[in-house]
Amino acid sequence: MVKAGLVSLVLAYMLSQFYRAFLAVLAPVLRDQIGAGPGDLALSSGLWFIAFALMQLPVGAALDRFGPRRTVACLMAVGGAGGAMIFAMADAPWHLHLAMTALGIGCSPALMGPYYIFAREYPPASFGMLAGVLVGFGSLGNILGASPLVWVIEAAGWRQTLWGLAVVTLMVAGLVLACVRDPARLGAGHPQGSIGQILRLRALWFILPLFGVNYAVTAAIRGLWAAPWLEQVHGADATQIGRVTLAMGLAMVAGSFAVGPAARLAGSARRATMVFSAVMIATLLVMWRAPTLPLPAVTALLVMLGFFGSAYPLLMAHGRSFLPPHLVGRGMTFLNMMSIGGVGVMQFASRPVYAAAQGAFAPAQAFAMLWLFFLIPLTIGFLLYFLTPEAAPHD
């Protein structure tokens with residue numbers, strides 16, 4: 001893959017990260033101008049993740065059949081740019097639901113396209129490092145969806161900003177189409193892959209629970225719960241909340257860059273995942289048992305959670321090693337579906353959990369119950385992961 005092709009795929013993934021995170025910044029103006037309340041935005045955000053997750057199996061089939069170049073470019077152009085246009089014209093909350101669903105569809109191949117190329121054209125030992133670097137650079141889109149977006153909206157207006165994003169998305173899709181080179185097609189002797197063949201891979205059975213909760217915990221806390229925890233329990237103002245969540249976001253970027261060296265230091269992606277997950281569990285334990293720590297300590301906890309919650313590329317590298325060549329496309333998108341689907345489920349489920357706790361406890365204890373809600377499935381996934389064997393490359 002030429003350098004321009006790699007750059008275009010990184011830009012596509014940056015847009016995917018941006019579109020999953022930018023809604024919170026628009027909350028005040030969307031409430032004032034089209035009457036979209038917190039419940040509407042929560043539904044819109046959840047629809048992005050659901051659409052993204054449901055698209056993973058079709059994306060996997062498309063990667064195997066058509067290749068990443070056309071798959072990423074077409075979906076990004078139609079769903080990504082189209083969703084941004086719908087958003088720019090929104091006059092009611094249901095328009096946002098439609099726009100975010102389209103954006104979720106458009107972004108669905110942005111990570112799996114380059115992962116497919118890495119898996120097909122690079123040695124398995126290099127996959128974790130390449131995957132982490134891609135996620136690290138792409139996660140900058142999450143940062144751009146915070147303070148920088150606020151500045152643009154204040155200067156140009158939110159509708160004009162969305163029209164501009166639609167143009168940028170179309171340009172990135174065109175760059176992918178022009179610059180990306182697909183891996184060589186598998187010969188006729190390779191069998192056709194199916195979801196049934198993936199589910200029959202015993203080595204994947206005990207990795208799937210951790211896939212479902214690892215990224216979901218960090219994404220839900222960073223995207224939904226860090227700000228109200230800081231405000232209601234620690235009395236943080238908007239500026240302090242912005243600084244703390246920015247620090248957590250930057251820690252997530254740094255963690256993505258660190259996974260490659262961590263795997264080499266630990267001796268395997270599996271052992272590095274165990275270390276990262278163990279630190280996550282320890283951090284959540286402290287948050288559960290001591291939710292009223294001073295703000296500097298809370299900031300340190302969220303930064304640790306962000307950094308060590310970035311084990312997704314390690315999990316993907318481990319899972320990829322069990323996939324034969326004809327299952328790479330469908331297999332990786334199936335694993336990604338488990339991860340992103342877990343985000344959607346945890347985001348939806350955490351709201352009634354918090355609402356119930358809020359009705360029964362003071363704010364600090366209500367958030368403690370919420371952290372316990374995240375801690376329990378993460379611990380179960382971590383323990384089951386011990387039953388997963390070390391990587392067994394097919395190459």
# chains A, B, ... in the order shown; residues from 1 in each chain; ligands from 1

$ residues_around --residues "A:Asp64" --least-positions-apart "3" --cutoff "6 Å" --atoms "only C-alpha atoms" --output "number ranges by chain"
A: 61, 67, 329

$ write_last_selection --atoms "N, CA and C atoms" --output "PDB file, in the first residue's frame"
ATOM      1  N   ALA A  61     -17.958  -9.173   4.314  1.00  0.00           N
ATOM      2  CA  ALA A  61     -18.188  -9.832   3.024  1.00  0.00           C
ATOM      3  C   ALA A  61     -17.724  -8.948   1.874  1.00  0.00           C
ATOM      4  N   GLY A  67     -12.836  -5.811  -1.976  1.00  0.00           N
ATOM      5  CA  GLY A  67     -11.602  -5.183  -1.529  1.00  0.00           C
ATOM      6  C   GLY A  67     -11.862  -3.925  -0.723  1.00  0.00           C
ATOM      7  N   GLY A 329     -11.395 -11.116   6.321  1.00  0.00           N
ATOM      8  CA  GLY A 329     -12.352 -10.011   6.208  1.00  0.00           C
ATOM      9  C   GLY A 329     -13.540 -10.198   7.127  1.00  0.00           C
TER      10      GLY A 329
END

$ residues_around --residues "A:Ala356" --least-positions-apart "5" --cutoff "9 Å" --atoms "only C-alpha atoms" --output "list in words"
Arg351, Phe361 and Ala366 of chain A

$ write_last_selection --atoms "all heavy atoms" --output "PDB file, in the first residue's frame"
ATOM      1  N   ARG A 351     -27.612   3.833  31.354  1.00  0.00           N
ATOM      2  CA  ARG A 351     -28.544   4.910  31.702  1.00  0.00           C
ATOM      3  C   ARG A 351     -29.597   4.464  32.720  1.00  0.00           C
ATOM      4  O   ARG A 351     -29.794   5.135  33.740  1.00  0.00           O
ATOM      5  CB  ARG A 351     -29.181   5.491  30.440  1.00  0.00           C
ATOM      6  CG  ARG A 351     -28.184   6.293  29.631  1.00  0.00           C
ATOM      7  CD  ARG A 351     -28.799   6.959  28.408  1.00  0.00           C
ATOM      8  NE  ARG A 351     -27.788   7.766  27.730  1.00  0.00           N
ATOM      9  CZ  ARG A 351     -27.452   9.005  28.069  1.00  0.00           C
ATOM     10  NH1 ARG A 351     -28.064   9.592  29.081  1.00  0.00           N
ATOM     11  NH2 ARG A 351     -26.528   9.659  27.404  1.00  0.00           N
ATOM     12  N   PHE A 361     -29.678   6.665  45.954  1.00  0.00           N
ATOM     13  CA  PHE A 361     -28.459   7.057  46.666  1.00  0.00           C
ATOM     14  C   PHE A 361     -28.123   8.521  46.398  1.00  0.00           C
ATOM     15  O   PHE A 361     -28.656   9.143  45.480  1.00  0.00           O
ATOM     16  CB  PHE A 361     -27.273   6.193  46.211  1.00  0.00           C
ATOM     17  CG  PHE A 361     -27.465   4.711  46.400  1.00  0.00           C
ATOM     18  CD1 PHE A 361     -27.690   3.890  45.302  1.00  0.00           C
ATOM     19  CD2 PHE A 361     -27.422   4.146  47.659  1.00  0.00           C
ATOM     20  CE1 PHE A 361     -27.869   2.532  45.458  1.00  0.00           C
ATOM     21  CE2 PHE A 361     -27.591   2.778  47.832  1.00  0.00           C
ATOM     22  CZ  PHE A 361     -27.820   1.977  46.736  1.00  0.00           C
ATOM     23  N   ALA A 366     -24.286   6.902  43.813  1.00  0.00           N
ATOM     24  CA  ALA A 366     -24.913   6.524  42.544  1.00  0.00           C
ATOM     25  C   ALA A 366     -23.851   6.255  41.481  1.00  0.00           C
ATOM     26  O   ALA A 366     -23.930   5.272  40.729  1.00  0.00           O
ATOM     27  CB  ALA A 366     -25.864   7.631  42.082  1.00  0.00           C
TER      28      ALA A 366
END

$ closest_residue --among "A:Thr218, A:Ser277, A:Thr292, A:Gln17" --to "A:Gly342" --atoms "only C-alpha atoms"
A:Thr218

$ closest_residue --among "A:Arg70, A:Val275, A:Phe322, A:Ser350" --to "A:Arg202" --atoms "only C-alpha atoms"
A:Phe322

$ select_by_dssp --residues "stretch 120-206 of chain A" --states "helix (DSSP H, G or I)" --output "MDAnalysis selection string"
chainID A and resid 120:121 124:138 140:144 147:156 158:179 195:199 202:205

$ closest_residue --among "A:Trp94, A:Phe367, A:Phe52, A:Phe257" --to "A:Leu130" --atoms "only C-alpha atoms"
A:Phe257

$ residues_around --residues "stretch 369-376 of chain A" --least-positions-apart "5" --cutoff "7 Å" --atoms "only C-alpha atoms" --output "count of residues only"
8

$ closest_residue --among "A:Ile198, A:Ala219, A:Ile86, A:Ala166" --to "A:Ser45" --atoms "only C-alpha atoms"
A:Ala219

$ residues_around --residues "stretch 295-304 of chain A" --least-positions-apart "5" --cutoff "6 Å" --atoms "only C-alpha atoms" --output "list in words"
Val244, Met248 and Ala251 of chain A

$ write_last_selection --atoms "N, CA, C and O atoms" --output "PDB file, in the first residue's frame"
ATOM      1  N   VAL A 244     -10.103  17.808  31.913  1.00  0.00           N
ATOM      2  CA  VAL A 244      -9.977  16.423  32.368  1.00  0.00           C
ATOM      3  C   VAL A 244     -10.335  15.450  31.245  1.00  0.00           C
ATOM      4  O   VAL A 244      -9.617  14.462  31.010  1.00  0.00           O
ATOM      5  N   MET A 248      -8.011  12.672  29.338  1.00  0.00           N
ATOM      6  CA  MET A 248      -8.372  11.265  29.165  1.00  0.00           C
ATOM      7  C   MET A 248      -8.319  10.871  27.691  1.00  0.00           C
ATOM      8  O   MET A 248      -7.834   9.798  27.336  1.00  0.00           O
ATOM      9  N   ALA A 251      -4.799  10.493  26.645  1.00  0.00           N
ATOM     10  CA  ALA A 251      -4.272   9.246  27.194  1.00  0.00           C
ATOM     11  C   ALA A 251      -4.699   8.054  26.349  1.00  0.00           C
ATOM     12  O   ALA A 251      -3.919   7.098  26.162  1.00  0.00           O
TER      13      ALA A 251
END

$ closest_residue --among "A:Ser256, A:Thr161, A:Gln365, A:Asn336" --to "A:Gly128" --atoms "only C-alpha atoms"
A:Ser256

$ closest_residue --among "A:Tyr13, A:Phe127, A:Trp48, A:Phe22" --to "A:Ala73" --atoms "only C-alpha atoms"
A:Tyr13
